[in-house]
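Let me begin by presenting the structure, written as structure tokens, before commenting on it.
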2 protein chains.
Amino acid sequence: MERLESYVSSGWARGAGKPSVLVNPATEEPLAEASTLGIDFARAFAHARSFGGKALRSLTFAERGDILRALSRAIHTQRDALIEVAIANGGNTRSDAKFDIDGASGTLAYYADLGKQLGGSKFVVEGDGIQLGRSPRWFGYHALVPRHGVALHINAFNFPAWGIGEKVACAVLAGMPVIVKPATSTALLACRIAKLFVDANVLPEGAFSLIAGPPGNMLDHLAEQDVVAFTGSADTGARLRAHAAIVRGSVRLNIEADSLNSATLGPDVSAGSDTYRMFLREVTRDITQKAGQKCTAIRRIFVPQSMVNDVRDELAAMLSDAHVGNPALDGVTVGPLATADQLRDIRAGIEKLAVEASFVVGDQVVAPSGVPEGKGYFVAPALLHCTDADAASAVHEHEVFGPCATIVPYDGSAPRVVDLVARGKGMLVASVYSDDRAFVTEMVMGLAPYHGRLYFGSEKIADQTAGPGTVLPQSVHGGPGRAGGGEELGGQRGIALYSQRVAIQGARPVLDAVFELKRA
Amino acid sequence: MERLESYVSSGWARGAGKPSVLVNPATEEPLAEASTLGIDFARAFAHARSFGGKALRSLTFAERGDILRALSRAIHTQRDALIEVAIANGGNTRSDAKFDIDGASGTLAYYADLGKQLGGSKFVVEGDGIQLGRSPRWFGYHALVPRHGVALHINAFNFPAWGIGEKVACAVLAGMPVIVKPATSTALLACRIAKLFVDANVLPEGAFSLIAGPPGNMLDHLAEQDVVAFTGSADTGARLRAHAAIVRGSVRLNIEADSLNSATLGPDVSAGSDTYRMFLREVTRDITQKAGQKCTAIRRIFVPQSMVNDVRDELAAMLSDAHVGNPALDGVTVGPLATADQLRDIRAGIEKLAVEASFVVGDQVVAPSGVPEGKGYFVAPALLHCTDADAASAVHEHEVFGPCATIVPYDGSAPRVVDLVARGKGMLVASVYSDDRAFVTEMVMGLAPYHGRLYFGSEKIADQTAGPGTVLPQSVHGGPGRAGGGEELGGQRGIALYSQRVAIQGARPVLDAVFELKRA
């Protein structure tokens, strides 16, 4: 069986000892194995910092952007082959696989363009500068400069491609070398992409590494100038936060964790309207796409009481079209969960919700198509209906990371639904479907503090958005509280995570010369 | 004896039980006592969040700025009385006391002006917005909105006034209520300022609270929307980072901790030049001002080998003018350390440095003026000289938070001194004294990743700066790594700590109407 290789210290390395086994989650067939035993993490971190960091910092934004464009193309050129890997190891349908892989190449291309725009500088001078004293000579600037450490990217199992792409794009453009640690269970796709990156031969030595397999004592090697960007569970996030090396070095740590995202149907929206159809379509997509394994997926569906029966019946009908099975088969729209552990957690989570809510669909065992009997980590899409929003706690606080969402009625007032949404204690995204500006305004102000992103669905844009579940590089991604408190992407904002903001004070003519700025 | 009162839930409250005693650190005479036993923290936090937060968010930036202006005036009007308190409880000379108190009123006034500039909005729309898809209708903005929690300010003992002022200014302008927890040992000044704030009668109910005395289980009441801004030791910072409530809620935590700040004399600077005199003056000030108890104070003095003897002799002569004693006496220029614990730590720290460096001045016991024999937490200003920078570790890594600094020679090259400075592993500020643009440029690029602020001293501005040790509201304050990784102030940047950045996506006409923006 193939043993995955890590790419460290500018070479491929195979771990020793008993490996973890990667399987096809639809059939449970083993696909590859991975181990990191014996891999020299200390050397890998030092190599990335010294060679990769130095090389990237010597490049301009435009040159770093050129690297990203080559990486984007490397993925896009091998798109078909990568899709097959995502189907086999990720349990992705073809559509799910494209979502992940095109997300990676698209985000890399977006940051390639941004590099081009930022041009010939090597760091960002932020804002206009400011006079510090009575005389205009005593002056201050702020700059964002690349940190001199390594960016460790700990990615989640659900987006092995996009996770690499979005994090690498921001770090490399900022001028930091990266070490990617994909989730082991779905690391096959990450390893294939790493191979493409290395073979593209555009990355300076040390700028990119990949650790395929268990993390071992990897975190112990973190130091003051490093950055950790983590996407995964709140429990792992909490362990990272308290990790000795991270605490000791004030290592910058970005966490993207659990999120009880919501969709709210506005009280103005009538059944049958374009906005209504958009709402139903996007909720259904978030339940079924990637078998609900999206950190941005809608978990709570807030519906005015008067519309609950309509919405319930429409969603039930749409979900009845879902075809659960082996994603290698044509026509399958919902694949398996990624791992046996996830299957156990999601089943337990749905049971937990079912104490507070009743099933609309999903309480029947569905035999998945195209898999040996009893095999595969399948769960049928589940829609629940919680009639007592105030009594519920799991509905608002327990993320079921699978094809599952709960309808929660509200009285049609913005303050009431804001209060209910906020019970999730910090989310990545909330979507609101309404064409009533007064309602939208109240929702913006009410929801904003609890979210990293708000998405307003409306008939005016019904034909052109990819829905709230799609993370665009233009907008920040992350959320406060339970969602981890992180922030990534957001156009140029995305390089801040990998930069040190520094105030620079001095005589204006000197600083202007240093920054090659003209006087105003 | 006076028992300090806390101001919580919009009322003054006195703790029960055995109190901590605040003393005059020059004479060890008790001045007041403080206890928080029995104070209802849960109610205090809830009151601040619900009343204070709501009230501040309903105000515009201009209105919040008006509050800050009134607070600034409340301090300035009582400046003389406050100076006496700072002399008595803080061990401050009159000049030290002014530095702290005027820093508070000045920073509040600066943010009052910023509020006026930001005008009639209640939150910040960041940047221009961006088209998200093929059509200009599908559009995105970013906004910074006030978080819905409470801002807990845990301040250091050395700047009881400025610490309140700078943190309150940013939080209140952003729209968050604050709970101030001053260091107990020097809380008398903080309590006097709190009284002035409350009596000014400009703060909405719940917008300001103060906890005078030990923190008890205060931190257990933190939740997802709260912010903690801490200034103090790295050890306490590490405990905060791993605190259960902070980890669980991803409570936003800003830490400003230890810092081995440096001053570098450029190889171009000749003895006797204006830049040279500026360098000597600012180094001396940082050793003596506040008895060296400034987080920004210069701890390491990097001097080209050829200049070391000159600099050593000049600094020794200047330090010989320092007059250590009871700061209530005219002519005293160096007061005591703030506490007996600090005295013990600083003595131990100087001994630690003396293993790696030799005394230039400060190895003699000096009898302080105007105090009863054997009383007071005095230490003489110490200047050391480390001849082997590479063998040294404590010099680069152990912050001695008192009137103490070490001369370290270097070869006059920028890369070499950058390497030495960086051994501090993350600092608040580095100062560089040079009129050579090539050297300055190398120093900017080399030092920036390790610092929150760089200060370039030069004859061109020798007559108008307050030195590297003065934290200006226009420039960010904080530093990576050992310095805690925090960031405060920096003009409008200072409100980001108390805000949630949120991406808002939707139909452009709807969002423009919500933000009352005109189309471009």
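Labels used: A, B, ... for chains in the order of the structure tokens, numbers from 1 for residues in each chain, and numbers from 1 for ligands as shown.
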
Where does chain B meet chain A within 6 Å, residue by residue, with the nearest atom pair and distance in Å to one decimal for each, counting only C-alpha atoms, listed by chain and rising number, as a Markdown table?
| residue | atom | partner | partner_atom | distance |
| --- | --- | --- | --- | --- |
| B:Arg147 | CA | A:Pro449 | CA | 5.3 |
| B:Glu224 | CA | A:Gly481 | CA | 4.5 |
| B:Ala238 | CA | A:Val247 | CA | 5.8 |
| B:Ala242 | CA | A:Ala242 | CA | 4.8 |
| B:Val247 | CA | A:Ala238 | CA | 5.8 |
| B:Gly249 | CA | A:Gly481 | CA | 5.1 |
| B:Ser250 | CA | A:Gly481 | CA | 4.9 |
| B:Thr441 | CA | A:Val514 | CA | 5.5 |
| B:Pro449 | CA | A:Arg147 | CA | 5.3 |
| B:Gly452 | CA | A:Val502 | CA | 4.6 |
| B:Arg453 | CA | A:Ala503 | CA | 4.4 |
| B:Leu454 | CA | A:Ile504 | CA | 4.8 |
| B:Tyr455 | CA | A:Gln505 | CA | 4.7 |
| B:Phe456 | CA | A:Gly506 | CA | 4.7 |
| B:Ser475 | CA | A:Ala503 | CA | 5.6 |
| B:Val476 | CA | A:Ala503 | CA | 5.8 |
| B:Gly481 | CA | A:Glu224 | CA | 4.5 |
| B:Gly484 | CA | A:Ser250 | CA | 5.6 |
| B:Gly485 | CA | A:Ser250 | CA | 5.7 |
| B:Gln500 | CA | A:Pro449 | CA | 5.5 |
| B:Val502 | CA | A:Gly452 | CA | 4.6 |
| B:Ala503 | CA | A:Arg453 | CA | 4.4 |
| B:Ile504 | CA | A:Leu454 | CA | 4.8 |
| B:Gln505 | CA | A:Tyr455 | CA | 4.8 |
| B:Gly506 | CA | A:Phe456 | CA | 4.6 |
| B:Val514 | CA | A:Thr441 | CA | 5.4 |

Dump N, CA and C atoms for the selected residues as an mmCIF file, in the first residue's frame?
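The new file again.cif reads:
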data_model
loop_
_atom_site.group_PDB
_atom_site.id
_atom_site.type_symbol
_atom_site.label_atom_id
_atom_site.label_comp_id
_atom_site.auth_asym_id
_atom_site.auth_seq_id
_atom_site.Cartn_x
_atom_site.Cartn_y
_atom_site.Cartn_z
ATOM 1 N N ARG B 147 -18.103 45.083 20.297
ATOM 2 C CA ARG B 147 -18.454 43.788 20.881
ATOM 3 C C ARG B 147 -19.476 44.000 21.995
ATOM 4 N N GLU B 224 -17.874 35.087 25.948
ATOM 5 C CA GLU B 224 -17.452 35.155 24.544
ATOM 6 C C GLU B 224 -17.289 36.566 23.983
ATOM 7 N N ALA B 238 0.842 34.509 30.902
ATOM 8 C CA ALA B 238 0.724 33.091 30.546
ATOM 9 C C ALA B 238 -0.438 32.440 31.290
ATOM 10 N N ALA B 242 -4.044 30.740 29.504
ATOM 11 C CA ALA B 242 -4.529 29.369 29.693
ATOM 12 C C ALA B 242 -5.737 29.305 30.625
ATOM 13 N N VAL B 247 -10.101 30.523 27.554
ATOM 14 C CA VAL B 247 -9.956 29.491 26.523
ATOM 15 C C VAL B 247 -11.328 29.046 26.026
ATOM 16 N N GLY B 249 -14.232 30.501 26.033
ATOM 17 C CA GLY B 249 -15.036 31.486 25.306
ATOM 18 C C GLY B 249 -14.278 32.169 24.178
ATOM 19 N N SER B 250 -13.053 31.730 23.885
ATOM 20 C CA SER B 250 -12.214 32.479 22.936
ATOM 21 C C SER B 250 -12.287 33.972 23.275
ATOM 22 N N THR B 441 17.808 52.354 7.018
ATOM 23 C CA THR B 441 16.986 51.460 6.190
ATOM 24 C C THR B 441 17.216 50.005 6.582
ATOM 25 N N PRO B 449 10.219 43.068 12.407
ATOM 26 C CA PRO B 449 9.426 41.893 12.807
ATOM 27 C C PRO B 449 9.463 41.602 14.296
ATOM 28 N N GLY B 452 6.929 46.193 18.222
ATOM 29 C CA GLY B 452 5.705 46.923 17.981
ATOM 30 C C GLY B 452 5.973 48.346 17.521
ATOM 31 N N ARG B 453 7.167 48.843 17.842
ATOM 32 C CA ARG B 453 7.472 50.235 17.484
ATOM 33 C C ARG B 453 8.975 50.408 17.308
ATOM 34 N N LEU B 454 9.346 51.177 16.301
ATOM 35 C CA LEU B 454 10.738 51.571 16.101
ATOM 36 C C LEU B 454 10.800 53.086 16.188
ATOM 37 N N TYR B 455 11.858 53.549 16.815
ATOM 38 C CA TYR B 455 12.022 54.983 17.043
ATOM 39 C C TYR B 455 13.389 55.374 16.523
ATOM 40 N N PHE B 456 13.428 56.295 15.574
ATOM 41 C CA PHE B 456 14.695 56.720 14.995
ATOM 42 C C PHE B 456 15.053 58.125 15.476
ATOM 43 N N SER B 475 0.606 56.058 17.636
ATOM 44 C CA SER B 475 1.362 54.882 17.192
ATOM 45 C C SER B 475 0.936 53.655 17.992
ATOM 46 N N VAL B 476 0.949 52.491 17.342
ATOM 47 C CA VAL B 476 0.561 51.284 18.076
ATOM 48 C C VAL B 476 1.560 51.009 19.199
ATOM 49 N N GLY B 481 5.967 38.130 20.582
ATOM 50 C CA GLY B 481 6.775 37.206 21.381
ATOM 51 C C GLY B 481 6.751 37.504 22.864
ATOM 52 N N GLY B 484 4.394 39.817 24.535
ATOM 53 C CA GLY B 484 3.006 39.433 24.755
ATOM 54 C C GLY B 484 2.164 39.302 23.504
ATOM 55 N N GLY B 485 2.640 39.879 22.408
ATOM 56 C CA GLY B 485 1.873 39.749 21.161
ATOM 57 C C GLY B 485 0.689 40.694 21.049
ATOM 58 N N GLN B 500 -15.720 43.846 16.734
ATOM 59 C CA GLN B 500 -15.761 42.653 15.899
ATOM 60 C C GLN B 500 -15.728 43.131 14.445
ATOM 61 N N VAL B 502 -16.589 42.435 10.824
ATOM 62 C CA VAL B 502 -17.574 41.566 10.187
ATOM 63 C C VAL B 502 -17.664 41.919 8.706
ATOM 64 N N ALA B 503 -17.627 40.862 7.888
ATOM 65 C CA ALA B 503 -17.855 41.034 6.457
ATOM 66 C C ALA B 503 -19.359 41.026 6.228
ATOM 67 N N ILE B 504 -19.831 41.909 5.380
ATOM 68 C CA ILE B 504 -21.273 41.993 5.105
ATOM 69 C C ILE B 504 -21.455 41.882 3.609
ATOM 70 N N GLN B 505 -22.172 40.845 3.195
ATOM 71 C CA GLN B 505 -22.351 40.561 1.774
ATOM 72 C C GLN B 505 -23.827 40.694 1.412
ATOM 73 N N GLY B 506 -24.094 41.254 0.264
ATOM 74 C CA GLY B 506 -25.485 41.348 -0.156
ATOM 75 C C GLY B 506 -25.631 42.190 -1.408
ATOM 76 N N VAL B 514 -28.402 50.646 4.058
ATOM 77 C CA VAL B 514 -28.182 50.332 5.473
ATOM 78 C C VAL B 514 -27.081 51.225 6.046
#

So that I can check the secondary structure, give me every residue of region 239-401 of chain B assigned strand (DSSP E or B) by backbone DSSP, as a tab-separated table (two decimals) with all heavy atoms, in the first residue's frame.
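File produced: out.tsv:
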chain	number	residue	atom	x	y	z
B	252	ARG	N	-11.30	37.53	23.78
B	252	ARG	CA	-10.20	38.23	23.15
B	252	ARG	C	-9.27	38.76	24.24
B	252	ARG	O	-9.72	39.40	25.18
B	252	ARG	CB	-10.71	39.37	22.27
B	252	ARG	CG	-9.62	39.84	21.32
B	252	ARG	CD	-10.09	40.93	20.41
B	252	ARG	NE	-10.95	40.44	19.35
B	252	ARG	CZ	-11.61	41.25	18.53
B	252	ARG	NH1	-11.51	42.56	18.66
B	252	ARG	NH2	-12.38	40.74	17.59
B	253	LEU	N	-8.00	38.48	24.09
B	253	LEU	CA	-7.03	38.76	25.14
B	253	LEU	C	-5.84	39.51	24.55
B	253	LEU	O	-5.20	39.01	23.62
B	253	LEU	CB	-6.57	37.43	25.76
B	253	LEU	CG	-5.42	37.47	26.77
B	253	LEU	CD1	-5.79	38.31	27.98
B	253	LEU	CD2	-5.07	36.05	27.20
B	254	ASN	N	-5.58	40.68	25.05
B	254	ASN	CA	-4.43	41.46	24.62
B	254	ASN	C	-3.43	41.51	25.76
B	254	ASN	O	-3.77	41.93	26.86
B	254	ASN	CB	-4.87	42.87	24.23
B	254	ASN	CG	-3.81	43.62	23.46
B	254	ASN	OD1	-3.71	43.49	22.24
B	254	ASN	ND2	-2.99	44.40	24.15
B	255	ILE	N	-2.20	41.10	25.47
B	255	ILE	CA	-1.19	41.05	26.52
B	255	ILE	C	-0.02	41.96	26.17
B	255	ILE	O	0.51	41.91	25.07
B	255	ILE	CB	-0.69	39.60	26.73
B	255	ILE	CG1	-1.83	38.74	27.29
B	255	ILE	CG2	0.52	39.56	27.66
B	255	ILE	CD1	-1.46	37.30	27.51
B	256	GLU	N	0.34	42.78	27.13
B	256	GLU	CA	1.55	43.59	27.02
B	256	GLU	C	2.41	43.21	28.21
B	256	GLU	O	2.02	43.45	29.35
B	256	GLU	CB	1.15	45.08	27.02
B	256	GLU	CG	2.25	45.99	26.52
B	256	GLU	CD	2.97	46.62	27.67
B	256	GLU	OE1	2.52	47.70	28.12
B	256	GLU	OE2	3.97	46.03	28.13
B	261	ASN	N	13.81	46.08	25.68
B	261	ASN	CA	13.97	47.13	24.68
B	261	ASN	C	15.43	47.52	24.52
B	261	ASN	O	16.23	47.38	25.45
B	261	ASN	CB	13.15	48.35	25.10
B	261	ASN	CG	11.75	47.97	25.50
B	261	ASN	OD1	11.00	47.43	24.70
B	261	ASN	ND2	11.40	48.18	26.77
B	262	SER	N	15.73	48.06	23.36
B	262	SER	CA	17.12	48.40	23.07
B	262	SER	C	17.23	49.83	22.55
B	262	SER	O	16.27	50.38	22.01
B	262	SER	CB	17.67	47.45	22.01
B	262	SER	OG	16.93	47.59	20.81
B	263	ALA	N	18.42	50.38	22.72
B	263	ALA	CA	18.82	51.60	22.01
B	263	ALA	C	20.10	51.26	21.27
B	263	ALA	O	21.00	50.64	21.84
B	263	ALA	CB	19.06	52.74	22.99
B	264	THR	N	20.15	51.63	20.01
B	264	THR	CA	21.37	51.39	19.22
B	264	THR	C	21.95	52.72	18.75
B	264	THR	O	21.23	53.54	18.15
B	264	THR	CB	21.05	50.51	17.99
B	264	THR	OG1	20.62	49.23	18.44
B	264	THR	CG2	22.29	50.35	17.10
B	265	LEU	N	23.21	52.89	19.03
B	265	LEU	CA	23.92	54.06	18.50
B	265	LEU	C	24.51	53.68	17.14
B	265	LEU	O	25.22	52.67	17.03
B	265	LEU	CB	25.04	54.47	19.47
B	265	LEU	CG	25.82	55.74	19.10
B	265	LEU	CD1	24.92	56.98	19.15
B	265	LEU	CD2	27.02	55.92	20.02
B	298	ILE	N	14.60	51.47	27.99
B	298	ILE	CA	15.76	50.85	27.34
B	298	ILE	C	16.48	49.95	28.34
B	298	ILE	O	16.86	50.40	29.42
B	298	ILE	CB	16.72	51.96	26.84
B	298	ILE	CG1	16.04	52.78	25.74
B	298	ILE	CG2	18.04	51.35	26.36
B	298	ILE	CD1	16.70	54.14	25.50
B	299	ARG	N	16.65	48.68	28.00
B	299	ARG	CA	17.37	47.75	28.87
B	299	ARG	C	18.74	47.40	28.31
B	299	ARG	O	19.62	47.02	29.06
B	299	ARG	CB	16.56	46.46	29.05
B	299	ARG	CG	15.11	46.66	29.52
B	299	ARG	CD	15.02	47.23	30.92
B	299	ARG	NE	13.63	47.53	31.29
B	299	ARG	CZ	13.29	48.31	32.31
B	299	ARG	NH1	14.22	48.87	33.06
B	299	ARG	NH2	12.02	48.53	32.59
B	300	ARG	N	18.86	47.48	26.99
B	300	ARG	CA	20.13	47.11	26.34
B	300	ARG	C	20.58	48.27	25.46
B	300	ARG	O	19.78	48.80	24.68
B	300	ARG	CB	19.94	45.85	25.49
B	300	ARG	CG	19.58	44.62	26.33
B	300	ARG	CD	19.31	43.42	25.44
B	300	ARG	NE	18.12	43.59	24.61
B	300	ARG	CZ	17.86	42.90	23.50
B	300	ARG	NH1	18.74	42.01	23.07
B	300	ARG	NH2	16.73	43.11	22.84
B	301	ILE	N	21.81	48.66	25.61
B	301	ILE	CA	22.36	49.82	24.89
B	301	ILE	C	23.46	49.31	23.97
B	301	ILE	O	24.54	48.93	24.42
B	301	ILE	CB	22.96	50.83	25.90
B	301	ILE	CG1	21.95	51.14	27.02
B	301	ILE	CG2	23.41	52.10	25.19
B	301	ILE	CD1	22.62	51.70	28.28
B	302	PHE	N	23.17	49.27	22.67
B	302	PHE	CA	24.14	48.74	21.72
B	302	PHE	C	24.98	49.88	21.15
B	302	PHE	O	24.44	50.84	20.59
B	302	PHE	CB	23.42	47.98	20.60
B	302	PHE	CG	22.76	46.72	21.10
B	302	PHE	CD1	21.39	46.68	21.35
B	302	PHE	CD2	23.51	45.57	21.35
B	302	PHE	CE1	20.78	45.54	21.84
B	302	PHE	CE2	22.91	44.41	21.83
B	302	PHE	CZ	21.55	44.40	22.08
B	303	VAL	N	26.28	49.74	21.31
B	303	VAL	CA	27.20	50.82	20.98
B	303	VAL	C	28.34	50.25	20.11
B	303	VAL	O	28.88	49.19	20.45
B	303	VAL	CB	27.79	51.43	22.28
B	303	VAL	CG1	28.78	52.55	21.95
B	303	VAL	CG2	26.68	51.93	23.18
B	304	PRO	N	28.70	50.95	19.02
B	304	PRO	CA	29.85	50.49	18.24
B	304	PRO	C	31.07	50.38	19.14
B	304	PRO	O	31.31	51.27	19.98
B	304	PRO	CB	30.03	51.59	17.19
B	304	PRO	CG	28.68	52.21	17.06
B	304	PRO	CD	28.08	52.15	18.44
B	324	VAL	N	18.81	59.83	44.45
B	324	VAL	CA	17.86	58.81	44.89
B	324	VAL	C	17.30	59.19	46.26
B	324	VAL	O	18.06	59.55	47.16
B	324	VAL	CB	18.57	57.43	44.99
B	324	VAL	CG1	17.61	56.37	45.52
B	324	VAL	CG2	19.14	57.02	43.64
B	325	GLY	N	16.00	59.11	46.39
B	325	GLY	CA	15.44	59.42	47.71
B	325	GLY	C	13.93	59.51	47.70
B	325	GLY	O	13.26	59.09	46.74
B	334	VAL	N	15.23	60.19	41.44
B	334	VAL	CA	14.91	58.76	41.34
B	334	VAL	C	14.24	58.31	42.63
B	334	VAL	O	14.87	58.32	43.69
B	334	VAL	CB	16.18	57.91	41.08
B	334	VAL	CG1	15.81	56.43	40.96
B	334	VAL	CG2	16.89	58.37	39.81
B	358	SER	N	29.73	43.63	33.77
B	358	SER	CA	30.36	44.27	34.94
B	358	SER	C	29.71	45.63	35.19
B	358	SER	O	29.23	46.29	34.27
B	358	SER	CB	31.86	44.43	34.69
B	358	SER	OG	32.06	45.06	33.45
B	359	PHE	N	29.72	46.02	36.44
B	359	PHE	CA	29.11	47.30	36.81
B	359	PHE	C	29.94	48.47	36.29
B	359	PHE	O	31.16	48.49	36.44
B	359	PHE	CB	29.02	47.43	38.33
B	359	PHE	CG	27.86	46.70	38.92
B	359	PHE	CD1	28.03	45.46	39.52
B	359	PHE	CD2	26.59	47.27	38.88
B	359	PHE	CE1	26.95	44.79	40.08
B	359	PHE	CE2	25.50	46.59	39.44
B	359	PHE	CZ	25.68	45.35	40.04
B	360	VAL	N	29.28	49.45	35.70
B	360	VAL	CA	29.89	50.74	35.43
B	360	VAL	C	29.53	51.67	36.59
B	360	VAL	O	30.40	52.30	37.18
B	360	VAL	CB	29.40	51.33	34.09
B	360	VAL	CG1	30.01	52.70	33.84
B	360	VAL	CG2	29.68	50.36	32.94
B	361	VAL	N	28.26	51.72	36.90
B	361	VAL	CA	27.80	52.38	38.13
B	361	VAL	C	26.72	51.50	38.75
B	361	VAL	O	26.12	50.67	38.07
B	361	VAL	CB	27.21	53.80	37.90
B	361	VAL	CG1	28.26	54.76	37.36
B	361	VAL	CG2	26.02	53.76	36.97
B	369	SER	N	17.87	59.78	50.24
B	369	SER	CA	17.60	60.98	51.03
B	369	SER	C	16.17	60.98	51.56
B	369	SER	O	15.25	60.55	50.87
B	369	SER	CB	17.76	62.23	50.16
B	369	SER	OG	18.98	62.21	49.48
B	382	ALA	N	21.67	51.50	37.99
B	382	ALA	CA	22.80	50.62	37.67
B	382	ALA	C	23.04	50.62	36.17
B	382	ALA	O	22.09	50.49	35.38
B	382	ALA	CB	22.50	49.20	38.16
B	383	LEU	N	24.28	50.79	35.81
B	383	LEU	CA	24.69	50.66	34.41
B	383	LEU	C	25.73	49.56	34.35
B	383	LEU	O	26.71	49.58	35.12
B	383	LEU	CB	25.28	51.99	33.92
B	383	LEU	CG	25.77	52.00	32.47
B	383	LEU	CD1	24.60	51.88	31.49
B	383	LEU	CD2	26.57	53.28	32.19
B	384	LEU	N	25.50	48.60	33.47
B	384	LEU	CA	26.45	47.50	33.34
B	384	LEU	C	27.04	47.49	31.95
B	384	LEU	O	26.54	48.15	31.04
B	384	LEU	CB	25.76	46.16	33.64
B	384	LEU	CG	25.31	46.01	35.11
B	384	LEU	CD1	23.83	46.32	35.23
B	384	LEU	CD2	25.61	44.61	35.64
B	385	HIS	N	28.10	46.74	31.82
B	385	HIS	CA	28.81	46.65	30.54
B	385	HIS	C	29.09	45.17	30.27
B	385	HIS	O	29.77	44.50	31.03
B	385	HIS	CB	30.12	47.46	30.64
B	385	HIS	CG	30.95	47.40	29.40
B	385	HIS	ND1	32.24	47.85	29.34
B	385	HIS	CD2	30.66	46.96	28.15
B	385	HIS	CE1	32.72	47.67	28.11
B	385	HIS	NE2	31.79	47.14	27.38

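The residue that comes closest to Asp310 (chain B), out of B:Ser259, B:Gln117, B:Ser270, B:Thr284 and on the basis of only C-alpha atoms, is B:Ser270.
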
* Please provide as a ChimeraX atom specification all residues within 10 Å of Glu29 (chain B), with the sequence filter that same-chain residues fewer than 5 positions apart are discarded (counting only C-alpha atoms). => /B:21-24,88-89,375-376

* One decimal, Å: what's the distance from CA of Phe157 (chain B) over to CA of Thr231 (chain B), could you say? =>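 Answer for the CA of Phe157 (chain B) to CA of Thr231 (chain B) separation: 9.1 Å.
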
* Asked: Using only C-alpha atoms, which of B:Glu351, B:Asp330, B:Glu166, B:Glu399 sits nearest Ala297 (chain B)?
  -> B:Glu399

* Asked: Which neighbours of Phe61 (chain B) fall inside 9 Å, counting only C-alpha atoms, when residues of the same chain fewer than 6 positions from it are skipped, and could you give them as a count of residues only?
  -> 14

* For Gly163 (chain B), which residue among B:Met278, B:Ala496, B:Val418, B:Ala190 is the nearest when counting only C-alpha atoms? -> B:Ala190
